[in-house]
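Reproduced below: target_12.txt, with compact mmCIF, C-alpha atoms.
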```txt
# COMPACT_ATOMS: atom_id res chain seq x y z
CA MET A 603 -17.18 6.21 -13.55
CA PRO A 604 -14.26 8.64 -13.14
CA PRO A 605 -11.13 7.37 -11.32
CA LEU A 606 -11.04 7.78 -7.56
CA ILE A 607 -7.47 9.13 -7.82
CA GLN A 608 -6.29 11.12 -10.82
CA CYS A 609 -2.78 12.59 -10.99
CA GLU A 610 -1.68 14.59 -14.02
CA HIS A 611 1.86 15.72 -14.85
CA LEU A 612 3.14 15.96 -11.28
CA TYR A 613 6.50 17.55 -10.54
CA PHE A 614 7.94 17.83 -7.06
CA ARG A 615 11.26 18.60 -5.35
CA TYR A 616 11.96 19.42 -1.71
CA ARG A 617 14.27 22.34 -2.52
CA GLU A 618 14.74 24.46 -5.62
CA GLU A 619 18.40 23.51 -5.99
CA GLN A 620 17.52 19.79 -6.05
CA ASP A 621 16.54 17.62 -8.98
CA PHE A 622 12.86 16.78 -9.26
CA ILE A 623 11.87 13.70 -7.26
CA LEU A 624 8.62 13.37 -9.21
CA GLN A 625 8.85 14.14 -12.91
CA ASP A 626 5.77 14.32 -15.14
CA LEU A 627 4.00 11.63 -13.11
CA CYS A 628 0.59 10.64 -14.47
CA LEU A 629 -1.48 7.95 -12.77
CA LYS A 630 -5.12 6.98 -12.31
CA ILE A 631 -6.43 4.59 -9.66
CA ASN A 632 -9.99 3.30 -9.60
CA LYS A 633 -12.21 2.65 -6.61
CA GLY A 634 -11.66 -0.75 -5.04
CA GLU A 635 -8.25 -1.45 -6.54
CA TRP A 636 -5.30 -2.83 -4.57
CA VAL A 637 -2.20 -1.22 -6.05
CA ALA A 638 1.36 -2.17 -5.10
CA LEU A 639 3.89 0.64 -5.59
CA LEU A 640 7.30 -0.86 -6.24
CA GLY A 641 10.61 0.80 -7.00
CA THR A 642 14.14 1.26 -5.79
CA ASN A 643 15.03 3.75 -3.06
CA GLY A 644 14.66 7.33 -4.25
CA SER A 645 12.16 6.51 -6.98
CA GLY A 646 9.51 8.79 -5.44
CA LYS A 647 7.06 6.26 -4.00
CA SER A 648 6.63 7.78 -0.53
CA THR A 649 6.74 11.34 -1.86
CA PHE A 650 3.92 10.50 -4.25
CA ALA A 651 1.88 8.84 -1.49
CA ARG A 652 2.09 11.96 0.67
CA MET A 653 0.58 14.00 -2.13
CA LEU A 654 -2.53 11.85 -2.09
CA ASN A 655 -3.61 13.21 1.30
CA ALA A 656 -2.16 16.68 0.80
CA LEU A 657 0.80 16.29 3.16
CA LEU A 658 2.86 17.53 0.19
CA GLN A 659 1.84 19.72 -2.70
CA PRO A 660 3.20 19.40 -6.26
CA GLU A 661 5.27 22.19 -7.77
CA LYS A 662 3.40 21.53 -11.00
CA GLY A 663 0.47 19.32 -11.93
CA THR A 664 -2.82 18.32 -10.34
CA VAL A 665 -4.01 15.71 -7.84
CA LEU A 666 -7.73 14.94 -7.72
CA ILE A 667 -9.14 12.73 -4.96
CA ASP A 668 -12.70 11.71 -5.75
CA GLY A 669 -12.89 14.84 -7.90
CA LEU A 670 -11.52 17.18 -5.19
CA PRO A 671 -8.31 19.12 -5.98
CA ALA A 672 -5.75 18.36 -3.26
CA ASN A 673 -3.95 21.67 -3.73
CA GLU A 674 -6.95 23.76 -2.67
CA GLU A 675 -6.95 24.56 1.04
CA ASP A 676 -10.73 24.37 1.28
CA HIS A 677 -10.60 20.65 0.43
CA VAL A 678 -7.57 19.52 2.46
CA TRP A 679 -9.49 18.41 5.56
CA GLN A 680 -12.06 16.52 3.48
CA ILE A 681 -9.31 14.80 1.50
CA ARG A 682 -7.50 13.73 4.67
CA GLN A 683 -10.69 12.07 5.85
CA LYS A 684 -10.93 10.22 2.53
CA VAL A 685 -7.27 9.14 2.48
CA GLY A 686 -5.76 7.42 5.53
CA MET A 687 -2.07 6.58 5.93
CA VAL A 688 -0.38 3.80 7.88
CA PHE A 689 3.36 4.34 8.27
CA GLN A 690 6.40 2.11 8.69
CA ASN A 691 6.76 2.48 12.46
CA PRO A 692 3.45 2.10 14.32
CA ASP A 693 4.98 3.60 17.48
CA HIS A 694 5.11 6.96 15.70
CA GLN A 695 1.31 6.94 15.32
CA PHE A 696 0.38 6.37 18.96
CA VAL A 697 -0.47 9.40 21.10
CA ALA A 698 -2.57 7.97 23.95
CA ALA A 699 -2.15 5.63 26.93
CA THR A 700 -4.47 2.88 25.67
CA VAL A 701 -5.47 1.53 22.27
CA ARG A 702 -9.06 2.68 22.80
CA ASP A 703 -7.98 6.23 23.64
CA ASP A 704 -5.65 6.30 20.67
CA ILE A 705 -8.44 5.40 18.24
CA ALA A 706 -10.67 7.96 19.96
CA PHE A 707 -8.05 10.71 19.53
CA GLY A 708 -8.45 10.86 15.76
CA LEU A 709 -12.23 10.74 16.03
CA GLU A 710 -12.27 13.60 18.52
CA ASN A 711 -10.17 15.71 16.18
CA ALA A 712 -12.66 14.95 13.41
CA GLY A 713 -15.51 16.19 15.62
CA ILE A 714 -17.31 12.84 15.79
CA PRO A 715 -20.04 12.81 18.52
CA ARG A 716 -19.34 10.46 21.43
CA PRO A 717 -22.09 7.86 20.72
CA GLU A 718 -20.90 7.59 17.11
CA MET A 719 -17.29 7.52 18.32
CA LEU A 720 -17.97 4.48 20.52
CA ASN A 721 -19.65 2.68 17.63
CA ARG A 722 -16.72 3.39 15.33
CA ILE A 723 -14.14 2.24 17.88
CA GLU A 724 -16.02 -1.04 18.28
CA GLU A 725 -16.42 -1.50 14.53
CA ALA A 726 -12.79 -0.71 13.68
CA SER A 727 -11.42 -2.92 16.45
CA VAL A 728 -13.52 -5.89 15.34
CA ARG A 729 -12.52 -5.45 11.69
CA THR A 730 -8.83 -5.42 12.62
CA GLY A 731 -9.06 -8.16 15.24
CA ILE A 732 -7.97 -6.07 18.22
CA GLN A 733 -11.27 -5.92 20.14
CA ASP A 734 -9.61 -7.69 23.09
CA MET A 735 -6.72 -5.21 23.19
CA LEU A 736 -8.59 -1.91 23.56
CA SER A 737 -7.56 -1.47 27.20
CA ALA A 738 -3.93 -2.40 26.53
CA GLU A 739 -1.05 0.05 26.43
CA PRO A 740 0.14 0.26 22.80
CA HIS A 741 3.82 -0.18 23.67
CA ARG A 742 3.05 -3.57 25.27
CA LEU A 743 1.65 -5.05 22.06
CA SER A 744 3.59 -7.14 19.56
CA GLY A 745 4.71 -5.52 16.32
CA GLY A 746 1.82 -6.97 14.32
CA GLN A 747 -0.69 -6.01 16.99
CA LYS A 748 0.67 -2.46 17.09
CA GLN A 749 0.30 -2.10 13.35
CA ARG A 750 -3.25 -3.46 13.43
CA ALA A 751 -4.05 -0.97 16.21
CA ALA A 752 -2.65 1.81 14.03
CA ILE A 753 -4.79 0.56 11.14
CA ALA A 754 -7.86 0.61 13.41
CA GLY A 755 -7.18 4.24 14.27
CA VAL A 756 -7.20 5.14 10.59
CA LEU A 757 -10.10 2.84 9.73
CA ALA A 758 -12.34 4.43 12.38
CA LEU A 759 -12.31 7.62 10.30
CA ARG A 760 -13.90 5.56 7.49
CA PRO A 761 -11.57 6.51 4.65
CA ASP A 762 -12.22 5.50 1.04
CA ILE A 763 -8.48 5.01 0.45
CA MET A 764 -5.81 3.55 2.74
CA ILE A 765 -2.10 3.96 2.01
CA PHE A 766 0.36 1.55 3.62
CA ASP A 767 3.88 3.01 3.45
CA GLU A 768 6.28 0.11 4.12
CA ALA A 769 3.85 -0.86 6.87
CA THR A 770 5.27 -4.38 7.33
CA SER A 771 8.99 -3.65 7.04
CA MET A 772 9.62 -3.62 10.82
CA LEU A 773 7.55 -6.73 11.57
CA ASP A 774 8.42 -10.38 12.04
CA PRO A 775 6.85 -12.97 9.67
CA ASN A 776 3.78 -13.46 11.89
CA GLY A 777 3.24 -9.71 12.17
CA ARG A 778 3.54 -9.32 8.41
CA LEU A 779 0.99 -12.05 7.85
CA GLU A 780 -1.46 -10.38 10.26
CA VAL A 781 -1.17 -7.01 8.51
CA MET A 782 -1.40 -8.50 5.00
CA GLN A 783 -4.55 -10.40 5.98
CA THR A 784 -6.02 -7.18 7.35
CA MET A 785 -5.23 -5.37 4.10
CA ALA A 786 -6.91 -8.11 2.07
CA GLU A 787 -10.04 -7.96 4.22
CA LEU A 788 -10.21 -4.16 3.94
CA ASN A 789 -9.87 -4.35 0.17
CA GLN A 790 -12.58 -7.00 -0.04
CA SER A 791 -14.86 -4.62 1.89
CA GLY A 792 -14.41 -2.00 -0.85
CA ILE A 793 -11.56 0.15 0.46
CA THR A 794 -8.97 1.16 -2.14
CA ILE A 795 -5.51 0.02 -1.01
CA ILE A 796 -2.20 1.60 -2.06
CA MET A 797 0.71 -0.41 -0.70
CA ILE A 798 4.30 0.84 -0.89
CA THR A 799 6.63 -2.10 -0.50
CA HIS A 800 9.99 -3.61 -1.41
CA GLU A 801 8.71 -7.13 -0.77
CA LEU A 802 7.67 -8.98 -3.91
CA GLU A 803 5.73 -11.55 -1.86
CA GLU A 804 3.51 -8.69 -0.70
CA ALA A 805 3.17 -7.17 -4.18
CA LEU A 806 1.88 -10.54 -5.42
CA LYS A 807 -1.23 -10.01 -3.27
CA ALA A 808 -2.21 -6.82 -5.10
CA SER A 809 -4.37 -6.64 -8.21
CA ARG A 810 -2.10 -4.13 -9.96
CA VAL A 811 1.58 -3.19 -9.80
CA VAL A 812 2.99 0.26 -10.54
CA PHE A 813 6.79 0.31 -10.75
CA MET A 814 8.34 3.72 -10.11
CA GLU A 815 11.61 4.86 -11.65
CA GLN A 816 13.06 8.36 -11.82
CA GLY A 817 9.93 9.91 -10.38
CA ARG A 818 7.31 8.34 -12.64
CA PRO A 819 5.76 4.94 -13.39
CA SER A 820 7.90 2.92 -15.79
CA ARG A 821 5.48 -0.01 -15.67
CA ASP A 822 1.79 -0.14 -14.79
CA GLN A 823 0.28 -3.59 -15.24
CA SER A 824 -1.95 -6.20 -13.70
CA THR A 825 -0.04 -8.22 -11.13
CA HIS A 826 -0.20 -11.31 -13.33
CA ASP A 827 1.24 -9.54 -16.37
CA PHE A 828 3.89 -7.68 -14.38
CA PHE A 829 5.43 -10.83 -12.94
CA GLN A 830 5.60 -12.62 -16.30
CA THR A 831 8.84 -10.70 -17.06
CA PRO A 832 11.05 -11.46 -14.03
CA ASP A 833 14.18 -10.27 -15.83
CA PHE A 834 12.92 -6.72 -15.33
CA LEU A 835 13.03 -7.17 -11.55
CA LEU A 836 16.29 -9.13 -11.55
CA SER A 837 17.99 -6.34 -13.51
CA ARG A 838 16.99 -3.97 -10.70
CA SER A 839 18.41 -6.16 -7.92
CA PHE A 840 15.10 -7.52 -6.62
CA THR A 841 15.09 -11.03 -5.20
CA LEU A 842 12.32 -13.23 -6.55
CA PRO A 843 10.31 -15.47 -4.21
CA TYR A 844 11.63 -19.02 -4.18
CA PHE A 845 8.83 -20.56 -6.27
CA LEU A 846 9.33 -17.89 -8.96
CA ARG A 847 13.10 -18.46 -8.94
CA MET A 848 12.46 -22.16 -9.50
CA GLN A 849 10.29 -21.45 -12.52
CA VAL A 850 12.85 -19.04 -13.99
CA ALA A 851 15.57 -21.65 -13.47
CA LEU A 852 13.48 -24.31 -15.24
CA GLN A 853 12.88 -21.98 -18.17
CA ALA A 854 16.63 -21.40 -18.40
CA GLN A 855 17.05 -25.19 -18.70
CA GLY A 856 14.64 -25.32 -21.63
CA VAL A 857 11.47 -26.28 -19.76
CA HIS A 858 8.42 -24.76 -21.46
CA LEU A 859 6.00 -22.94 -19.16
CA ASP A 860 2.85 -21.33 -20.56
CA HIS A 861 3.06 -18.73 -17.81
CA LEU A 862 4.65 -18.21 -14.42
CA SER A 863 2.52 -19.20 -11.44
CA LEU A 864 2.14 -16.38 -8.93
CA SER A 865 1.65 -18.50 -5.82
CA GLU A 866 3.43 -21.50 -4.39
CA GLN A 867 0.16 -23.43 -4.19
CA GLU A 868 -0.66 -22.83 -7.86
CA TRP A 869 2.87 -23.83 -8.85
CA VAL A 870 2.71 -27.11 -6.88
CA GLU A 871 -0.73 -27.91 -8.32
CA ARG A 872 0.57 -27.39 -11.85
CA LEU A 873 3.50 -29.69 -11.16
CA CYS A 874 1.13 -32.37 -9.90
CA ARG A 875 -1.40 -32.01 -12.74
CA SER A 876 0.76 -32.27 -15.81
CA PRO A 877 4.29 -33.19 -16.83
CA LEU A 878 6.64 -30.36 -17.71
CA LYS A 879 7.46 -29.99 -21.40
CA VAL A 880 11.08 -29.76 -22.42
```
Structure rendered as structure tokens:
Amino acid sequence: MPPLIQCEHLYFRYREEQDFILQDLCLKINKGEWVALLGTNGSGKSTFARMLNALLQPEKGTVLIDGLPANEEDHVWQIRQKVGMVFQNPDHQFVAATVRDDIAFGLENAGIPRPEMLNRIEEASVRTGIQDMLSAEPHRLSGGQKQRAAIAGVLALRPDIMIFDEATSMLDPNGRLEVMQTMAELNQSGITIIMITHELEEALKASRVVFMEQGRPSRDQSTHDFFQTPDFLLSRSFTLPYFLRMQVALQAQGVHLDHLSLSEQEWVERLCRSPLKV
């Protein structure tokens, strides 16, 4: 089966006098994957994401979404129905007075008939856990509720791919947890998730990590393999989750670990099961 997303030798800059933000970027993403895009500021993560639904076009190279070229005008509308985006600030995505009307707005623009529209609003609200908030004004919701409402608006269009661009960065811990749970449920239902984040705790939930540097992936590994070399992240000023820091500290003291555990629960269970070897 061909990849759902195929990018070949992408180059992009916002102005001719600037350096390229994306430089010879090549990446393939398969249907059903959950990919975390990591990287320092300016590495090209958000620019790349906007190419996947044709908000930006490469200066050179090709982007294929389910076999459709994103740089051909005839396919742009179809691609934008396949690729939904959830942004950092949910308030920027609301255009209507109630949550229900806001979800309906995107469906109306897509030409969805009213009976089908009502079914999709109900389905999307149930899947995101906001079925009791449809009559609420979006600005009265909590941060996590707002972001789930924004997700519902995208989900109602039934995309194959959902991109989350720093979608939890403005939320409190409870709001982050709500959105991460929603992402996991969407991925389990078969939707391909691309998550741009600076939070390593969030990247640990993905099945694959792509680390961007200087406009291209410098690492592309399974999440398990990526986090087995924490020095790579430390050298780039990332802060490891506490349970990973503990394991790194133990290794530095000569404690032998077969591998680093990628969850606090797994780490505690390993500690309880067997003595550490020095």
Exercise for review: For Ser648 (chain A), please output as a PyMOL selection string all residues within 12 Å (counting all atoms listed in the file; exclusion window: fewer than 4 positions along the same chain).
Suggested key: chain A and resi 623-624+639-644+652-655+657-658+687-690+765-769+796-800+814+817
**Study point:** Contacts of region 836-844 of chain A within 7 Å, all atoms listed in the file, excl. fewer than 4 positions in-chain, as a ChimeraX atom specification
**Key:** /A:802-803,832,848
Tell me which protein, DNA and RNA residues are within 12 Å of Ser744 (chain A), counting only C-alpha atoms, leaving out same-chain ones fewer than 4 positions away, and put them as a CSV table (one decimal) with C-alpha atoms, in the coordinates of the input.
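Wrote it out as part-v2.csv, contents follow:
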```
chain,number,residue,atom,x,y,z
A,692,PRO,CA,3.4,2.1,14.3
A,693,ASP,CA,5.0,3.6,17.5
A,732,ILE,CA,-8.0,-6.1,18.2
A,735,MET,CA,-6.7,-5.2,23.2
A,738,ALA,CA,-3.9,-2.4,26.5
A,739,GLU,CA,-1.0,0.0,26.4
A,740,PRO,CA,0.1,0.3,22.8
A,748,LYS,CA,0.7,-2.5,17.1
A,749,GLN,CA,0.3,-2.1,13.4
A,750,ARG,CA,-3.2,-3.5,13.4
A,751,ALA,CA,-4.0,-1.0,16.2
A,772,MET,CA,9.6,-3.6,10.8
A,773,LEU,CA,7.6,-6.7,11.6
A,774,ASP,CA,8.4,-10.4,12.0
A,775,PRO,CA,6.8,-13.0,9.7
A,776,ASN,CA,3.8,-13.5,11.9
A,777,GLY,CA,3.2,-9.7,12.2
A,778,ARG,CA,3.5,-9.3,8.4
A,780,GLU,CA,-1.5,-10.4,10.3
```
May I have a table of the residues of region 744-819 of chain A lying at most 12 Å from region 626-629 of chain A, giving each one's closest pair of atoms and their distance in Å to one decimal, counting all atoms listed in the file, ordered by chain and ascending residue number, as CSV?
```
residue,atom,partner,partner_atom,distance
A:Val811,CA,A:Leu629,CA,11.9
A:Val812,CA,A:Leu629,CA,9.2
A:Phe813,CA,A:Leu629,CA,11.4
A:Met814,CA,A:Leu627,CA,9.5
A:Glu815,CA,A:Leu627,CA,10.3
A:Gln816,CA,A:Leu627,CA,9.7
A:Gly817,CA,A:Leu627,CA,6.8
A:Arg818,CA,A:Leu627,CA,4.7
A:Pro819,CA,A:Leu627,CA,6.9
```
Point to revise | Between CA of Thr730 (chain A) and CA of Glu787 (chain A) - distance in Å to one decimal | key: 8.9 Å
Point to revise | Interatomic distance, CA of Ala754 (chain A) to CA of Ala726 (chain A) (Å, one decimal) | key: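 Computed distance, CA of Ala754 (chain A) to CA of Ala726 (chain A), equals 5.1 Å.
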Practice item. Using only C-alpha atoms, find the one residue out of A:Glu801, A:Glu675, A:Asp762, A:Asp621 that sits nearest to Lys633 (chain A). Key: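 Looking at the shortest contact to Lys633 (chain A), the residue is A:Asp762.
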Check your understanding: Using all atoms listed in the file, which of the listed residues (A:Ile753, A:Met764, A:Leu709, A:Ala698) sits closest to Val781 (chain A)?
Key ->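 Going through A:Ile753, A:Met764, A:Leu709, A:Ala698 one by one, the smallest distance to Val781 (chain A) is for A:Ile753.
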Review point. So, counting all atoms listed in the file, which residue among A:Val870, A:Ile763, A:Leu757, A:Ala854 is closest to Thr794 (chain A)?
Key: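 Between A:Val870, A:Ile763, A:Leu757, A:Ala854, the residue approaching Thr794 (chain A) most closely is A:Ile763.
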Practice item. Return the single residue from A:Glu866, A:Gln608, A:Glu804, A:Phe696 that is closest to Ala672 (chain A), with distances computed using all atoms listed in the file. Key: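 Looking only at the distances to Ala672 (chain A), the closest residue turns out to be A:Gln608.
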Dump region 792-804 of chain A with all heavy atoms to a file, as a compact mmCIF listing (two decimals), in the first residue's frame.
```txt
# COMPACT_ATOMS: atom_id res chain seq x y z
N GLY A 792 -8.60 4.98 13.49
CA GLY A 792 -8.04 4.88 12.15
C GLY A 792 -7.57 6.19 11.54
O GLY A 792 -7.05 6.20 10.42
N ILE A 793 -7.77 7.31 12.23
CA ILE A 793 -7.33 8.60 11.70
C ILE A 793 -5.82 8.75 11.89
O ILE A 793 -5.29 8.46 12.97
CB ILE A 793 -8.09 9.75 12.37
CG1 ILE A 793 -9.58 9.70 11.98
CG2 ILE A 793 -7.50 11.11 11.99
CD1 ILE A 793 -10.44 10.74 12.66
N THR A 794 -5.15 9.20 10.87
CA THR A 794 -3.71 9.46 10.95
C THR A 794 -3.50 10.78 11.68
O THR A 794 -4.09 11.80 11.32
CB THR A 794 -3.11 9.53 9.54
OG1 THR A 794 -3.38 8.30 8.86
CG2 THR A 794 -1.61 9.77 9.57
N ILE A 795 -2.65 10.76 12.70
CA ILE A 795 -2.41 11.93 13.54
C ILE A 795 -0.98 12.44 13.32
O ILE A 795 -0.02 11.67 13.40
CB ILE A 795 -2.60 11.62 15.04
CG1 ILE A 795 -4.00 11.08 15.31
CG2 ILE A 795 -2.30 12.85 15.90
CD1 ILE A 795 -5.12 12.06 15.13
N ILE A 796 -0.85 13.74 13.06
CA ILE A 796 0.44 14.41 13.03
C ILE A 796 0.40 15.48 14.10
O ILE A 796 -0.42 16.40 14.04
CB ILE A 796 0.74 15.02 11.65
CG1 ILE A 796 0.77 13.91 10.59
CG2 ILE A 796 2.08 15.77 11.67
CD1 ILE A 796 0.86 14.43 9.17
N MET A 797 1.27 15.36 15.09
CA MET A 797 1.23 16.21 16.27
C MET A 797 2.53 17.00 16.37
O MET A 797 3.60 16.43 16.59
CB MET A 797 1.04 15.34 17.51
CG MET A 797 1.08 16.07 18.83
SD MET A 797 0.84 14.91 20.22
CE MET A 797 2.30 13.87 20.08
N ILE A 798 2.42 18.32 16.21
CA ILE A 798 3.58 19.20 16.41
C ILE A 798 3.62 19.60 17.87
O ILE A 798 2.63 20.12 18.40
CB ILE A 798 3.48 20.45 15.51
CG1 ILE A 798 3.43 20.04 14.04
CG2 ILE A 798 4.65 21.39 15.76
CD1 ILE A 798 3.11 21.18 13.11
N THR A 799 4.73 19.34 18.53
CA THR A 799 4.79 19.62 19.95
C THR A 799 6.22 19.89 20.40
O THR A 799 7.17 19.48 19.73
CB THR A 799 4.21 18.44 20.76
OG1 THR A 799 4.22 18.76 22.15
CG2 THR A 799 5.01 17.16 20.54
N HIS A 800 6.34 20.61 21.53
CA HIS A 800 7.62 20.75 22.22
C HIS A 800 7.65 19.90 23.49
O HIS A 800 8.67 19.86 24.18
CB HIS A 800 7.87 22.21 22.60
CG HIS A 800 8.28 23.07 21.45
ND1 HIS A 800 7.39 23.86 20.76
CD2 HIS A 800 9.48 23.26 20.85
CE1 HIS A 800 8.02 24.51 19.79
NE2 HIS A 800 9.29 24.16 19.83
N GLU A 801 6.52 19.26 23.79
CA GLU A 801 6.39 18.53 25.05
C GLU A 801 6.74 17.06 24.84
O GLU A 801 6.06 16.34 24.12
CB GLU A 801 4.95 18.65 25.58
CG GLU A 801 4.51 20.07 25.87
CD GLU A 801 5.30 20.68 27.02
OE1 GLU A 801 5.75 19.92 27.90
OE2 GLU A 801 5.45 21.91 27.04
N LEU A 802 7.81 16.61 25.50
CA LEU A 802 8.24 15.23 25.33
C LEU A 802 7.23 14.24 25.90
O LEU A 802 7.09 13.13 25.39
CB LEU A 802 9.61 15.02 25.97
CG LEU A 802 10.76 15.84 25.37
CD1 LEU A 802 12.08 15.43 26.02
CD2 LEU A 802 10.85 15.65 23.85
N GLU A 803 6.52 14.65 26.97
CA GLU A 803 5.48 13.77 27.52
C GLU A 803 4.41 13.46 26.48
O GLU A 803 3.87 12.35 26.44
CB GLU A 803 4.84 14.41 28.76
CG GLU A 803 5.74 14.50 29.97
CD GLU A 803 6.53 15.80 29.99
OE1 GLU A 803 6.61 16.48 28.93
OE2 GLU A 803 7.08 16.14 31.05
N GLU A 804 4.12 14.43 25.62
CA GLU A 804 3.13 14.21 24.56
C GLU A 804 3.73 13.35 23.45
O GLU A 804 3.06 12.44 22.93
CB GLU A 804 2.66 15.55 24.00
CG GLU A 804 1.90 16.39 25.02
CD GLU A 804 1.46 17.73 24.48
OE1 GLU A 804 1.71 18.01 23.29
OE2 GLU A 804 0.87 18.51 25.25
```
